[in-house]
file entry-v3.cif (mmCIF, C-alpha atoms)
data_structure
loop_
_atom_site.label_atom_id
_atom_site.label_comp_id
_atom_site.auth_asym_id
_atom_site.auth_seq_id
_atom_site.Cartn_x
_atom_site.Cartn_y
_atom_site.Cartn_z
CA MET A 1 -134.77 63.27 3.18
CA THR A 2 -131.79 61.86 5.05
CA ARG A 3 -132.41 58.39 6.44
CA VAL A 4 -130.86 57.22 9.73
CA VAL A 5 -130.82 53.70 11.15
CA VAL A 6 -130.68 53.56 14.96
CA VAL A 7 -129.45 50.25 16.39
CA HIS A 8 -129.88 49.86 20.13
CA ARG A 9 -130.67 46.80 22.25
CA GLU A 10 -132.88 48.78 24.65
CA PRO A 11 -136.16 49.61 22.88
CA ASP A 12 -136.89 52.68 25.03
CA VAL A 13 -133.45 54.17 24.28
CA ALA A 14 -133.82 53.39 20.57
CA ALA A 15 -137.22 55.13 20.56
CA GLU A 16 -135.77 58.12 22.40
CA GLN A 17 -132.88 58.46 19.95
CA ALA A 18 -135.22 58.03 16.99
CA ALA A 19 -137.44 60.81 18.37
CA TYR A 20 -134.41 63.12 18.77
CA LEU A 21 -133.43 62.53 15.17
CA ARG A 22 -136.97 62.91 13.82
CA GLU A 23 -137.14 66.27 15.63
CA ALA A 24 -134.12 67.30 13.55
CA GLY A 25 -135.90 66.30 10.32
CA TYR A 26 -134.36 62.88 9.71
CA GLU A 27 -136.28 59.84 8.56
CA VAL A 28 -135.48 57.06 11.06
CA ASP A 29 -135.60 53.26 11.12
CA VAL A 30 -134.93 51.37 14.36
CA CYS A 31 -133.35 47.97 14.94
CA GLY A 32 -132.79 46.08 18.19
CA GLY A 33 -129.42 44.77 17.08
CA PRO A 34 -128.18 41.18 17.05
CA THR A 35 -129.02 40.52 20.70
CA ASN A 36 -132.72 41.15 19.91
CA ASP A 37 -133.20 40.62 16.18
CA PRO A 38 -131.66 38.48 13.45
CA CYS A 39 -128.75 40.50 12.07
CA PRO A 40 -127.52 39.83 8.54
CA ALA A 41 -124.41 41.98 9.08
CA VAL A 42 -123.13 39.48 11.66
CA HIS A 43 -122.95 36.99 8.79
CA ASP A 44 -121.45 39.53 6.35
CA LEU A 45 -124.76 39.85 4.53
CA PRO A 46 -126.38 43.13 3.49
CA CYS A 47 -128.95 44.62 5.84
CA PRO A 48 -132.18 45.89 4.27
CA LEU A 49 -132.32 48.79 6.74
CA ALA A 50 -128.70 49.83 6.23
CA ASP A 51 -129.09 49.49 2.46
CA GLY A 52 -131.45 52.47 2.49
CA ALA A 53 -129.58 54.53 5.09
CA ASP A 54 -127.47 57.66 4.77
CA VAL A 55 -126.00 57.32 8.27
CA LEU A 56 -125.92 54.61 10.94
CA VAL A 57 -126.22 55.13 14.71
CA TYR A 58 -125.10 52.05 16.65
CA GLU A 59 -124.99 51.39 20.35
CA ALA A 60 -121.46 50.16 21.09
CA TRP A 61 -122.89 47.30 23.14
CA ALA A 62 -125.65 46.27 20.69
CA ALA A 63 -123.99 42.91 20.12
CA GLY A 64 -123.44 42.20 23.81
CA ASP A 65 -119.85 42.59 25.01
CA SER A 66 -116.89 44.63 23.76
CA ASP A 67 -115.48 41.93 21.49
CA ALA A 68 -118.86 41.19 19.92
CA GLY A 69 -119.34 44.94 19.40
CA ARG A 70 -115.95 45.22 17.72
CA GLN A 71 -116.80 42.32 15.43
CA LEU A 72 -120.23 43.74 14.58
CA ILE A 73 -118.84 47.17 13.73
CA ALA A 74 -116.06 45.55 11.65
CA HIS A 75 -118.72 43.62 9.68
CA VAL A 76 -120.80 46.76 9.22
CA ARG A 77 -117.72 48.69 8.08
CA ASP A 78 -116.82 45.92 5.60
CA LEU A 79 -120.32 46.04 4.14
CA TYR A 80 -120.94 49.80 4.37
CA ALA A 81 -117.53 51.50 4.26
CA ASP A 82 -119.07 54.60 2.69
CA LEU A 83 -121.76 55.15 5.35
CA PRO A 84 -120.97 57.40 8.29
CA LEU A 85 -121.36 55.62 11.60
CA VAL A 86 -122.07 57.21 14.98
CA LEU A 87 -121.24 54.93 17.90
CA THR A 88 -123.10 55.66 21.15
CA ASP A 89 -122.51 54.42 24.70
CA VAL A 90 -118.73 54.45 24.20
CA ASP A 91 -116.55 54.11 27.28
CA ASP A 92 -112.95 53.28 28.24
CA ARG A 93 -113.51 49.53 27.85
CA LEU A 94 -113.72 49.94 24.08
CA ALA A 95 -110.07 50.22 23.04
CA TRP A 96 -111.00 49.15 19.51
CA VAL A 97 -112.90 52.35 18.64
CA GLU A 98 -111.18 54.18 15.78
CA THR A 99 -111.77 57.81 14.86
CA GLU A 100 -109.47 57.87 11.81
CA GLY A 101 -109.15 55.77 8.67
CA PRO A 102 -111.54 53.34 7.02
CA GLU A 103 -112.79 51.82 10.31
CA ARG A 104 -113.55 55.17 11.86
CA VAL A 105 -116.67 56.05 13.74
CA THR A 106 -117.97 59.18 15.43
CA PRO A 107 -117.92 58.09 19.08
CA LEU A 108 -120.26 59.44 21.75
CA ALA A 109 -119.61 58.71 25.40
CA GLY A 110 -122.61 57.43 27.30
CA ARG A 111 -126.22 58.04 26.40
CA PRO A 112 -126.41 61.22 24.30
CA ASP A 113 -129.04 63.90 24.71
CA ALA A 114 -130.92 65.25 21.69
CA ARG A 115 -128.52 68.07 20.91
CA THR A 116 -125.41 65.87 21.18
CA LEU A 117 -126.85 63.09 19.02
CA GLN A 118 -128.12 65.51 16.38
CA ALA A 119 -124.73 67.25 16.24
CA ALA A 120 -122.87 63.93 15.95
CA VAL A 121 -125.09 62.76 13.09
CA ALA A 122 -124.63 66.09 11.28
CA ALA A 123 -120.85 65.91 11.80
CA ALA A 124 -120.70 62.30 10.60
CA LEU A 125 -122.67 63.20 7.48
CA ALA A 126 -120.38 66.17 6.80
CA ASP A 127 -117.39 63.84 7.13
CA GLN A 128 -118.92 61.27 4.78
CA GLY A 129 -116.59 60.07 2.07
CA MET A 130 -113.53 60.46 4.29
CA ALA A 131 -114.08 56.94 5.65
CA VAL A 132 -113.40 55.23 2.34
#
call {"tool": "encode", "arguments": {"input": "entry-v3.cif", "output": "structure tokens"}}
result
Amino acid sequence: MTRVVVVHREPDVAAEQAAYLREAGYEVDVCGGPTNDPCPAVHDLPCPLADGADVLVYEAWAAGDSDAGRQLIAHVRDLYADLPLVLTDVDDRLAWVETEGPERVTPLAGRPDARTLQAAVAAALADQGMAV
């Protein structure tokens, strides 16, 4: 079964996204991100949840502000370059979001509904291997 890690600082949104993905048949782990939980990726250390994942779903603002989000995603990409990463809650303030190359993510504007999130995860998984 495909395992997804959902990282979102709002527990109700994380639960909602996890439910959407479970409906699609994914196994899901949830993390509150570095503003809520200790985060090894911030310190360039492996994350036990990400270690077992096939795809990552991160809220763009999980680390707080835009710069902290950029740094968090850069750390995650350094540690897990081969894992597809879907970035939710993306808006125009995030000029650092890349959709090509080794730092690429699958960006989703705003809070995705079930169908949009499921499609983005499927697309990111299909694109896996292109990020390395």
call {"tool": "atom_distance", "arguments": {"input": "entry-v3.cif", "atom1": "CA of Val42 in chain A", "atom2": "CA of Ala14 in chain A"}}
result
19.7 Å
call {"tool": "closest_atom_pairs", "arguments": {"input": "entry-v3.cif", "of": "range 2-84 of chain A", "to": "range 117-123 of chain A", "cutoff": "8 Å", "atoms": "all atoms listed in the file", "output": "Markdown table"}}
result
| residue | atom | partner | partner_atom | distance |
| --- | --- | --- | --- | --- |
| A:Gln17 | CA | A:Leu117 | CA | 7.7 |
| A:Tyr20 | CA | A:Gln118 | CA | 7.1 |
| A:Leu21 | CA | A:Gln118 | CA | 6.2 |
| A:Ala24 | CA | A:Gln118 | CA | 6.9 |
| A:Val55 | CA | A:Val121 | CA | 7.3 |
| A:Val57 | CA | A:Val121 | CA | 7.9 |
call {"tool": "atom_distance", "arguments": {"input": "entry-v3.cif", "atom1": "CA of Pro40 in chain A", "atom2": "CA of Val86 in chain A"}}
result
19.3 Å
call {"tool": "resolve_selection", "arguments": {"input": "entry-v3.cif", "expression": "the PyMOL selection byres ((chain A and resi 3) around 10)", "output": "number ranges by chain"}}
result
A: 1-2, 4-6, 21-22, 25-29, 49-50, 52-56
call {"tool": "closest_residue", "arguments": {"input": "entry-v3.cif", "among": "A:Glu59, A:Glu23, A:Glu100, A:Asp44", "to": "Pro11 in chain A", "atoms": "only C-alpha atoms"}}
result
A:Glu59
call {"tool": "residues_around", "arguments": {"input": "entry-v3.cif", "residues": "range 72-83 of chain A", "least_positions_apart": "6", "cutoff": "9 Å", "atoms": "all atoms listed in the file", "output": "list of chain:residue names"}}
result
A:Pro34, A:Ala41, A:Val42, A:His43, A:Asp44, A:Leu45, A:Pro46, A:Cys47, A:Ala50, A:Asp51, A:Ala53, A:Asp54, A:Val55, A:Leu56, A:Tyr58, A:Ala60, A:Ala62, A:Ala63, A:Pro102, A:Glu103, A:Arg104, A:Ala124, A:Leu125, A:Gln128, A:Gly129, A:Met130, A:Ala131, A:Val132
call {"tool": "closest_residue", "arguments": {"input": "entry-v3.cif", "among": "A:Gly110, A:Thr116, A:Val7, A:Trp61", "to": "Asp89 in chain A", "atoms": "all atoms listed in the file"}}
result
A:Gly110
call {"tool": "atom_distance", "arguments": {"input": "entry-v3.cif", "atom1": "CA of Arg9 in chain A", "atom2": "CA of Thr99 in chain A"}}
result
23.1 Å
call {"tool": "closest_residue", "arguments": {"input": "entry-v3.cif", "among": "A:Pro48, A:Gly69, A:Gly64, A:Gly101", "to": "Glu10 in chain A", "atoms": "only C-alpha atoms"}}
result
A:Gly64
call {"tool": "closest_residue", "arguments": {"input": "entry-v3.cif", "among": "A:Thr88, A:Pro38, A:Asp113, A:Val97", "to": "Asp67 in chain A", "atoms": "only C-alpha atoms"}}
result
A:Val97
call {"tool": "decode", "arguments": {"input": "entry-v3.cif", "residues": "range 7-21 of chain A", "atoms": "N, CA, C and O atoms", "output": "compact mmCIF listing (two decimals), in the first residue's frame"}}
result
# COMPACT_ATOMS: atom_id res chain seq x y z
N VAL A 7 1.72 16.77 6.35
CA VAL A 7 2.28 17.71 7.33
C VAL A 7 1.49 19.01 7.23
O VAL A 7 1.51 19.68 6.19
N HIS A 8 0.78 19.31 8.30
CA HIS A 8 -0.02 20.54 8.33
C HIS A 8 -0.09 21.02 9.77
O HIS A 8 -0.28 20.22 10.68
N ARG A 9 0.07 22.33 9.97
CA ARG A 9 0.07 22.87 11.33
C ARG A 9 -1.31 22.96 11.95
O ARG A 9 -1.43 23.12 13.16
N GLU A 10 -2.37 22.87 11.16
CA GLU A 10 -3.73 22.89 11.69
C GLU A 10 -4.25 21.45 11.76
O GLU A 10 -4.49 20.83 10.73
N PRO A 11 -4.44 20.92 12.97
CA PRO A 11 -4.83 19.52 13.12
C PRO A 11 -6.11 19.15 12.38
O PRO A 11 -6.19 18.05 11.82
N ASP A 12 -7.10 20.04 12.34
CA ASP A 12 -8.35 19.71 11.65
C ASP A 12 -8.14 19.60 10.14
O ASP A 12 -8.72 18.74 9.48
N VAL A 13 -7.28 20.44 9.59
CA VAL A 13 -6.98 20.36 8.15
C VAL A 13 -6.17 19.10 7.85
O VAL A 13 -6.42 18.41 6.86
N ALA A 14 -5.21 18.79 8.71
CA ALA A 14 -4.42 17.57 8.52
C ALA A 14 -5.32 16.35 8.55
O ALA A 14 -5.18 15.44 7.72
N ALA A 15 -6.27 16.31 9.50
CA ALA A 15 -7.20 15.18 9.59
C ALA A 15 -8.08 15.10 8.34
O ALA A 15 -8.35 14.00 7.84
N GLU A 16 -8.53 16.24 7.86
CA GLU A 16 -9.35 16.28 6.65
C GLU A 16 -8.57 15.74 5.44
O GLU A 16 -9.08 14.89 4.70
N GLN A 17 -7.34 16.21 5.28
CA GLN A 17 -6.53 15.74 4.15
C GLN A 17 -6.21 14.26 4.28
O GLN A 17 -6.24 13.52 3.29
N ALA A 18 -5.93 13.81 5.49
CA ALA A 18 -5.67 12.39 5.71
C ALA A 18 -6.90 11.56 5.34
O ALA A 18 -6.78 10.50 4.71
N ALA A 19 -8.08 12.03 5.71
CA ALA A 19 -9.32 11.32 5.37
C ALA A 19 -9.51 11.25 3.86
O ALA A 19 -9.88 10.20 3.33
N TYR A 20 -9.25 12.35 3.16
CA TYR A 20 -9.36 12.36 1.70
C TYR A 20 -8.45 11.30 1.09
O TYR A 20 -8.85 10.58 0.16
N LEU A 21 -7.24 11.21 1.61
CA LEU A 21 -6.27 10.27 1.03
C LEU A 21 -6.59 8.83 1.42
O LEU A 21 -6.41 7.92 0.60
